[in-house]
Amino acid sequence: MKLQSYTITQGKDRAPARSYLKAIGYTDEDLKKPIIGIANTWIGTMPCNYNLRELAADVARGIREAGGTPMEFNTVAISDGITMGTEGMKTSLISREVIADSIELVARGHMFDGIVALVACDKTVPGAAMALLRLNVPGVILYGGTILPGKYKGKDITVQEVFEAVGANAAGRISDDELLAIENSACPGPGACGGQFTANTMSTVMEIIGLSPMGLNSIPQVDARKHDAARQCGEIILNAVKNDLRPRKIVTRQAIDNAIASVAASGGSTNAVLHLLAMAREAGIELKIDDFQELSHKTPLLADLKPAGKYTAADVDKAGGIPVIAKRLHDGGFAHSDVLTITGKTFAEAAAEAKETPGQDVIRPLSNPIKKSGGIVILKGSLAPEGAVIKVTGLNRSKQTGPARVFDREEDAMHAVLEHKIAAGDIVVIRYEGPKGGPGMREMLGVTSAIVGEGLSESVALVTDGRFSGATRGFMVGHVAPEAAVGGPIAAVREGDSITIDIEKCEISLDIPDQELRRRLAEFRVPASKYRSGVMAKYVKLVGSAADGAVTG
């Protein structure tokens with residue numbers, strides 16, 4: 001093997017470097033082996049990444065057993081759920097870039113021969129993938145695992161029910177004691193949010209795209225099997241180094257198409273659109289937002305998962321895991337089955353090893369899909385010339401026309417909902433929450449869940465240049481581009497204007513004359529940014545359109 005780590009560890013002139021490394025326990029023998037970086041996103045601020053310290057020890061053991069030398073390092077993570085609805089949520093999407101940058105920097109500096117990235121909460125997953133694709137050194141991504149569902153009145157619940165309970169409580173539909181009981185029950189221990197929300201969607205994507213070993217991600221975080229899964233990653237990364245199996249050999253356009261199909265088939269998060277666009281850019285692959293529409297339309301919805309379905313992510317594992325989804329995609333001809341995965345097997349070979357639990361109904365058979373087309377629809381029109389995204393899983397209507405209720409920040413919209421100022425038929429518009437305008441494109445789970453909790457989900461729509469949590473459900477349109485802060489048409493919407501959303505036609509329009517729209521936009525002035533220095537200000541200067549993945553490079 002030609003090891004790039006030898007640039008640092010071998011030769012007489014590298015004696016000072018070896019001296020430093022020997023100070024922390026490495027031997028001459030250790031330094032002759034492939035050096036594998038363990039990029040750990042452990043953090044003590046949330047349940048999502050909480051057990052990753054333990055899993056890193058298992059990965060390190062697996063690396064040593066396979067003949068390598070592990071070197072662990074940390075990066076950051078932001079909890080979307082904890083920061084939701086606050087100014088802190090603006091840091092979440094920005095953290096994706098920081099995670100990718102920091103993994104890239106450490107790996108370039110220390111010239112690792114391979115990387116195992118331990119991920120969990122939403123932005124750590126695509127952030128790690130983006131870094132691996134930039135570096136293009138052999139890399140494995142292991143998802144820490146889902147949280148187990150909570151129990152309330154004999155039913156499985158997730159944090160989704162807590163957010164919706166806030167709206168129900170404000171509407172007087174449940175008591176304060178009931179809200180507290182749901183709060184105390186929903187999250188029983190470590191693990192990432194328990195539906196097919198963003199973290200579990202991206203976990204699915206990583207197995208299907210081939211960067212995660214198929215069958216390991218869907219094991220819940222507190223399950224004892226996760227320790228052996230982590231150990232296996234040590235063996236897998238050493239084999240990848242020996243065989244020079246690099247991320248860009250795995251993440252091809254065909255593999256990305258497979259990933260998009262998996263999002264559609266599993267009813268996954270709209271955030272997958274942003275993240276796959278960003279990953280494609282890092283891999284040098286052309287991918288357009290319209291491609292999601294085409295692939296989603298021809299892929300059936302098969303997984304009956306929250307937020308719109310019945311089951312939690314832990315039930316996917318009980319059903320046989322993500323390999324069952326992979327096998328459905330392969331058997332139905334919805335996947336490119338000859339693409340490589342990180343184990344060296346093809347997609348078809350990995351999918352063939354699926355062990356489906358007899359009688360499970362979490363992942364439907366191809367003969368009985370939930371819907372004939374997947375959950376993601378791309379809308380375009382006078383309100384979103386570059387595109388907008390809606391998840392149609394669980395929707396009972398395909399069109400709405402109504403008056404705009406306009407808010408220039410999420411908090412104001414939330415107050416209006418909780419104060420019963422939003423009526424049936426309204427279309428709530430929340431703007432200046434895009435990549436630049438927020439900055440950071442906040443998720444809107446607080447306000448979307450409040451709309452559901454208030455009992456308005458069947459009559460009220462929401463449109464924003466921000467984005468949604470994977471736990472969002474209802475008639476909610478996000479990622480409107482161009483965003484308000486750069487003079488997109490959403491900046492021209494006025495209170496009471498008619499807006500039409502037509503899912504069947506894939507259109508979203510501001511129902512005013514073109515001449516009037518041009519006149520209003522001509523009067524637009526770029527608003528002053530709240531952040532004048534630091535990481536937020538840097539992000540505002542660098543970030544691009546949500547239609548291109550909201551990337552900074």
# chains A, B, ... in the order shown; residues from 1 in each chain; ligands from 1
>>> closest_atom_pairs(of="segment 166-197 of chain A", to="segment 291-314 of chain A", cutoff="12 Å", atoms="only C-alpha atoms", output="Markdown table")
| residue | atom | partner | partner_atom | distance |
| --- | --- | --- | --- | --- |
| A:Ala186 | CA | A:Thr312 | CA | 11.9 |
| A:Gly191 | CA | A:Ala314 | CA | 10.3 |
| A:Ala192 | CA | A:Ala313 | CA | 9.6 |
| A:Cys193 | CA | A:Ala313 | CA | 8.5 |
| A:Gly194 | CA | A:Ala313 | CA | 5.4 |
| A:Gly195 | CA | A:Thr312 | CA | 4.7 |
| A:Gln196 | CA | A:Lys306 | CA | 5.8 |
| A:Phe197 | CA | A:Pro307 | CA | 7.2 |
>>> write_last_selection(atoms="all heavy atoms", output="CSV table (one decimal), in the first residue's frame")
chain,number,residue,atom,x,y,z
A,186,ALA,N,-41.6,11.2,25.6
A,186,ALA,CA,-41.3,11.1,24.2
A,186,ALA,C,-39.9,10.6,23.9
A,186,ALA,O,-39.6,9.9,22.9
A,186,ALA,CB,-41.5,12.4,23.5
A,191,GLY,N,-30.1,8.7,21.2
A,191,GLY,CA,-30.4,8.3,19.9
A,191,GLY,C,-31.0,9.6,19.2
A,191,GLY,O,-31.4,10.5,19.8
A,192,ALA,N,-31.0,9.5,17.8
A,192,ALA,CA,-31.5,10.6,17.0
A,192,ALA,C,-33.0,10.5,16.9
A,192,ALA,O,-33.6,9.4,17.0
A,192,ALA,CB,-30.8,10.6,15.7
A,193,CYS,N,-33.6,11.6,16.5
A,193,CYS,CA,-35.1,11.7,16.5
A,193,CYS,C,-35.7,10.5,15.8
A,193,CYS,O,-35.3,10.1,14.7
A,193,CYS,CB,-35.5,13.0,15.8
A,193,CYS,SG,-35.0,14.5,16.6
A,194,GLY,N,-36.8,10.0,16.3
A,194,GLY,CA,-37.3,8.6,16.1
A,194,GLY,C,-38.2,8.3,14.9
A,194,GLY,O,-38.7,7.2,14.8
A,195,GLY,N,-38.4,9.3,14.0
A,195,GLY,CA,-39.2,9.0,12.8
A,195,GLY,C,-38.3,9.0,11.6
A,195,GLY,O,-37.1,9.1,11.7
A,196,GLN,N,-38.9,9.0,10.4
A,196,GLN,CA,-38.1,9.2,9.2
A,196,GLN,C,-38.0,10.7,9.0
A,196,GLN,O,-38.4,11.3,8.0
A,196,GLN,CB,-38.8,8.5,8.0
A,196,GLN,CG,-37.9,8.4,6.8
A,196,GLN,CD,-36.7,7.4,7.0
A,196,GLN,OE1,-36.4,7.1,8.1
A,196,GLN,NE2,-36.1,7.0,5.9
A,197,PHE,N,-37.4,11.3,10.1
A,197,PHE,CA,-37.1,12.7,10.0
A,197,PHE,C,-35.7,12.9,9.4
A,197,PHE,O,-35.2,11.9,8.7
A,197,PHE,CB,-37.1,13.3,11.4
A,197,PHE,CG,-38.3,12.9,12.3
A,197,PHE,CD1,-38.3,12.8,13.6
A,197,PHE,CD2,-39.5,12.6,11.6
A,197,PHE,CE1,-39.4,12.5,14.4
A,197,PHE,CE2,-40.7,12.3,12.4
A,197,PHE,CZ,-40.6,12.2,13.7
>>> select_by_dssp(residues="segment 72-182 of chain A", states="helix (DSSP H, G or I)", output="VMD selection string")
chain A and resid 80 to 83 87 to 110 124 to 135 159 to 170 176 to 182
>>> closest_residue(among="A:Ser382, A:Asn243, A:Asn271, A:Ser457", to="Ala491 of chain A", atoms="only C-alpha atoms")
A:Ser382
>>> residues_around(residues="segment 513-523 of chain A", least_positions_apart="6", cutoff="8 Å", atoms="only C-alpha atoms", output="PyMOL selection string")
chain A and resi 487-489+491-492
>>> write_last_selection(atoms="C-alpha atoms", output="PDB file, in the first residue's frame")
ATOM      1  CA  GLY A 487     -35.001  39.985  -3.929  1.00  0.00           C
ATOM      2  CA  GLY A 488     -36.864  36.811  -4.805  1.00  0.00           C
ATOM      3  CA  PRO A 489     -40.604  37.139  -5.546  1.00  0.00           C
ATOM      4  CA  ALA A 491     -40.149  39.455  -0.902  1.00  0.00           C
ATOM      5  CA  ALA A 492     -42.927  41.094  -2.951  1.00  0.00           C
TER       6      ALA A 492
END
>>> select_by_dssp(residues="segment 198-353 of chain A", states="strand (DSSP E or B)", output="list in words")
Leu301, Ala303, Leu305, Tyr311, Leu340 and Thr346 of chain A
>>> closest_residue(among="A:Thr341, A:Thr83, A:Ser373, A:Asn200", to="Met444 of chain A", atoms="only C-alpha atoms")
A:Thr83
>>> closest_atom_pairs(of="segment 38-98 of chain A", to="segment 154-167 of chain A", cutoff="12 Å", atoms="only C-alpha atoms", output="Markdown table")
| residue | atom | partner | partner_atom | distance |
| --- | --- | --- | --- | --- |
| A:Pro47 | CA | A:Val159 | CA | 11.8 |
| A:Asp80 | CA | A:Val159 | CA | 11.6 |
| A:Gly81 | CA | A:Val159 | CA | 8.3 |
| A:Ile82 | CA | A:Val159 | CA | 10.5 |
| A:Met84 | CA | A:Phe163 | CA | 9.8 |
| A:Gly85 | CA | A:Phe163 | CA | 10.6 |
>>> write_last_selection(atoms="N, CA and C atoms", output="compact mmCIF listing (two decimals), in the first residue's frame")
# COMPACT_ATOMS: atom_id res chain seq x y z
N PRO A 47 -29.36 14.11 23.00
CA PRO A 47 -29.35 12.65 23.00
C PRO A 47 -28.83 12.06 21.69
N ASP A 80 -30.91 20.29 16.22
CA ASP A 80 -32.02 20.99 15.57
C ASP A 80 -33.23 21.07 16.49
N GLY A 81 -33.54 19.95 17.16
CA GLY A 81 -34.73 19.90 17.99
C GLY A 81 -34.66 20.83 19.18
N ILE A 82 -33.51 20.92 19.83
CA ILE A 82 -33.37 21.77 21.01
C ILE A 82 -33.38 23.25 20.65
N MET A 84 -34.80 24.55 18.00
CA MET A 84 -35.96 24.86 17.15
C MET A 84 -36.77 26.04 17.68
N GLY A 85 -37.10 26.96 16.76
CA GLY A 85 -37.95 28.09 17.12
C GLY A 85 -37.22 29.23 17.78
>>> closest_residue(among="A:Ile503, A:Ala326, A:Val429, A:Val551", to="Pro126 of chain A", atoms="only C-alpha atoms")
A:Val551
>>> closest_residue(among="A:Asp101, A:Glu410, A:Asp511, A:Asp548", to="Lys288 of chain A", atoms="only C-alpha atoms")
A:Asp548
>>> closest_residue(among="A:Val222, A:Ala39, A:Ile490, A:Cys48", to="Ala107 of chain A", atoms="only C-alpha atoms")
A:Ala39
>>> closest_residue(among="A:Gly466, A:Val428, A:Gly402, A:Ile512", to="Thr500 of chain A", atoms="only C-alpha atoms")
A:Gly402
>>> residues_around(residues="Ala56 of chain A", least_positions_apart="3", cutoff="12 Å", atoms="only C-alpha atoms", output="PyMOL selection string")
chain A and resi 36-42+49-53+59-63+70-74+115-119+142-144+226-234
>>> residues_around(residues="Leu445 of chain A", least_positions_apart="6", cutoff="7 Å", atoms="only C-alpha atoms", output="list of chain:residue names")
A:Met84, A:Phe468, A:Ser469, A:Thr472
>>> write_last_selection(atoms="N, CA, C and O atoms", output="PDB file, in the first residue's frame")
ATOM      1  N   MET A  84     -34.798  24.555  17.998  1.00  0.00           N
ATOM      2  CA  MET A  84     -35.955  24.864  17.151  1.00  0.00           C
ATOM      3  C   MET A  84     -36.767  26.044  17.683  1.00  0.00           C
ATOM      4  O   MET A  84     -37.079  26.122  18.863  1.00  0.00           O
ATOM      5  N   PHE A 468     -37.822  22.910   6.581  1.00  0.00           N
ATOM      6  CA  PHE A 468     -38.624  22.186   7.551  1.00  0.00           C
ATOM      7  C   PHE A 468     -37.834  21.057   8.195  1.00  0.00           C
ATOM      8  O   PHE A 468     -36.944  20.477   7.577  1.00  0.00           O
ATOM      9  N   SER A 469     -38.217  20.743   9.403  1.00  0.00           N
ATOM     10  CA  SER A 469     -37.738  19.523  10.032  1.00  0.00           C
ATOM     11  C   SER A 469     -38.302  18.341   9.271  1.00  0.00           C
ATOM     12  O   SER A 469     -39.372  18.416   8.662  1.00  0.00           O
ATOM     13  N   THR A 472     -41.879  17.539  10.124  1.00  0.00           N
ATOM     14  CA  THR A 472     -42.987  18.369   9.663  1.00  0.00           C
ATOM     15  C   THR A 472     -43.957  17.553   8.819  1.00  0.00           C
ATOM     16  O   THR A 472     -43.558  16.732   8.005  1.00  0.00           O
TER      17      THR A 472
END
>>> residues_around(residues="Leu366 of chain A", least_positions_apart="2", cutoff="10 Å", atoms="only C-alpha atoms", output="MDAnalysis selection string")
chainID A and resid 300:302 328:329 331:332 363:364 368:370 372
>>> write_last_selection(atoms="N, CA, C and O atoms", output="CSV table (one decimal), in the first residue's frame")
chain,number,residue,atom,x,y,z
A,300,PRO,N,-42.3,4.4,-5.9
A,300,PRO,CA,-43.5,4.2,-5.0
A,300,PRO,C,-43.1,4.5,-3.5
A,300,PRO,O,-41.9,4.3,-3.1
A,301,LEU,N,-44.0,5.0,-2.8
A,301,LEU,CA,-43.8,5.2,-1.3
A,301,LEU,C,-44.1,3.9,-0.7
A,301,LEU,O,-45.3,3.4,-0.7
A,302,LEU,N,-43.2,3.3,0.0
A,302,LEU,CA,-43.3,2.0,0.6
A,302,LEU,C,-43.2,1.9,2.1
A,302,LEU,O,-43.8,1.0,2.7
A,328,ARG,N,-36.2,-3.8,-2.1
A,328,ARG,CA,-37.4,-3.3,-2.8
A,328,ARG,C,-37.0,-2.5,-4.0
A,328,ARG,O,-37.6,-2.7,-5.1
A,329,LEU,N,-36.1,-1.6,-3.8
A,329,LEU,CA,-35.7,-0.7,-4.9
A,329,LEU,C,-35.0,-1.6,-6.0
A,329,LEU,O,-35.3,-1.3,-7.2
A,331,ASP,N,-35.5,-4.9,-6.6
A,331,ASP,CA,-36.4,-5.8,-7.2
A,331,ASP,C,-37.4,-5.1,-8.1
A,331,ASP,O,-37.9,-5.7,-9.1
A,332,GLY,N,-37.7,-3.9,-7.8
A,332,GLY,CA,-38.7,-3.1,-8.6
A,332,GLY,C,-38.1,-2.4,-9.8
A,332,GLY,O,-38.8,-1.7,-10.5
A,363,ILE,N,-42.4,-1.8,6.0
A,363,ILE,CA,-42.0,-1.6,4.6
A,363,ILE,C,-42.9,-2.4,3.7
A,363,ILE,O,-42.8,-3.6,3.7
A,364,ARG,N,-43.8,-1.8,3.0
A,364,ARG,CA,-44.8,-2.5,2.2
A,364,ARG,C,-44.1,-3.2,1.0
A,364,ARG,O,-43.0,-2.9,0.5
A,368,ASN,N,-48.1,-3.6,-3.0
A,368,ASN,CA,-49.1,-2.9,-2.2
A,368,ASN,C,-48.4,-1.6,-1.7
A,368,ASN,O,-48.3,-1.5,-0.4
A,369,PRO,N,-48.0,-0.7,-2.5
A,369,PRO,CA,-47.4,0.6,-2.0
A,369,PRO,C,-48.4,1.4,-1.3
A,369,PRO,O,-49.6,1.3,-1.5
A,370,ILE,N,-47.9,2.3,-0.5
A,370,ILE,CA,-48.8,3.3,0.2
A,370,ILE,C,-49.3,4.3,-0.9
A,370,ILE,O,-50.5,4.7,-0.9
A,372,LYS,N,-48.3,5.3,-5.3
A,372,LYS,CA,-47.6,4.9,-6.4
A,372,LYS,C,-46.4,5.8,-6.7
A,372,LYS,O,-45.5,5.5,-7.5
>>> residues_around(residues="Ala351 of chain A", least_positions_apart="4", cutoff="7 Å", atoms="only C-alpha atoms", output="NGL selection string")
:A and (323 or 326-327 or 347)
>>> decode(residues="segment 61-72 of chain A", atoms="N, CA, C and O atoms", output="mmCIF file, in the first residue's frame")
data_model
loop_
_atom_site.group_PDB
_atom_site.id
_atom_site.type_symbol
_atom_site.label_atom_id
_atom_site.label_comp_id
_atom_site.auth_asym_id
_atom_site.auth_seq_id
_atom_site.Cartn_x
_atom_site.Cartn_y
_atom_site.Cartn_z
ATOM 1 N N ARG A 61 -11.062 -0.240 18.266
ATOM 2 C CA ARG A 61 -10.722 -1.648 18.475
ATOM 3 C C ARG A 61 -10.739 -2.398 17.147
ATOM 4 O O ARG A 61 -9.836 -3.194 16.839
ATOM 5 N N GLY A 62 -11.763 -2.137 16.336
ATOM 6 C CA GLY A 62 -11.869 -2.795 15.046
ATOM 7 C C GLY A 62 -10.729 -2.424 14.106
ATOM 8 O O GLY A 62 -10.226 -3.271 13.354
ATOM 9 N N ILE A 63 -10.303 -1.170 14.165
ATOM 10 C CA ILE A 63 -9.175 -0.719 13.333
ATOM 11 C C ILE A 63 -7.900 -1.442 13.740
ATOM 12 O O ILE A 63 -7.137 -1.927 12.899
ATOM 13 N N ARG A 64 -7.650 -1.537 15.047
ATOM 14 C CA ARG A 64 -6.436 -2.217 15.518
ATOM 15 C C ARG A 64 -6.456 -3.693 15.136
ATOM 16 O O ARG A 64 -5.446 -4.253 14.696
ATOM 17 N N GLU A 65 -7.610 -4.336 15.329
ATOM 18 C CA GLU A 65 -7.717 -5.760 15.000
ATOM 19 C C GLU A 65 -7.476 -6.025 13.516
ATOM 20 O O GLU A 65 -6.972 -7.085 13.139
ATOM 21 N N ALA A 66 -7.828 -5.031 12.673
ATOM 22 C CA ALA A 66 -7.680 -5.196 11.221
ATOM 23 C C ALA A 66 -6.308 -4.770 10.719
ATOM 24 O O ALA A 66 -6.034 -4.863 9.518
ATOM 25 N N GLY A 67 -5.444 -4.292 11.633
ATOM 26 C CA GLY A 67 -4.079 -3.946 11.235
ATOM 27 C C GLY A 67 -3.831 -2.483 10.984
ATOM 28 O O GLY A 67 -2.859 -2.120 10.316
ATOM 29 N N GLY A 68 -4.664 -1.611 11.538
ATOM 30 C CA GLY A 68 -4.468 -0.180 11.393
ATOM 31 C C GLY A 68 -4.236 0.501 12.717
ATOM 32 O O GLY A 68 -4.274 -0.134 13.782
ATOM 33 N N THR A 69 -3.981 1.798 12.653
ATOM 34 C CA THR A 69 -3.766 2.619 13.846
ATOM 35 C C THR A 69 -4.812 3.722 13.883
ATOM 36 O O THR A 69 -4.865 4.559 12.980
ATOM 37 N N PRO A 70 -5.679 3.736 14.905
ATOM 38 C CA PRO A 70 -6.720 4.752 14.984
ATOM 39 C C PRO A 70 -6.239 6.043 15.631
ATOM 40 O O PRO A 70 -5.407 6.016 16.551
ATOM 41 N N MET A 71 -6.745 7.166 15.125
ATOM 42 C CA MET A 71 -6.525 8.471 15.747
ATOM 43 C C MET A 71 -7.861 9.214 15.745
ATOM 44 O O MET A 71 -8.380 9.560 14.687
ATOM 45 N N GLU A 72 -8.396 9.427 16.929
ATOM 46 C CA GLU A 72 -9.723 10.035 17.051
ATOM 47 C C GLU A 72 -9.633 11.551 17.144
ATOM 48 O O GLU A 72 -8.729 12.094 17.777
#
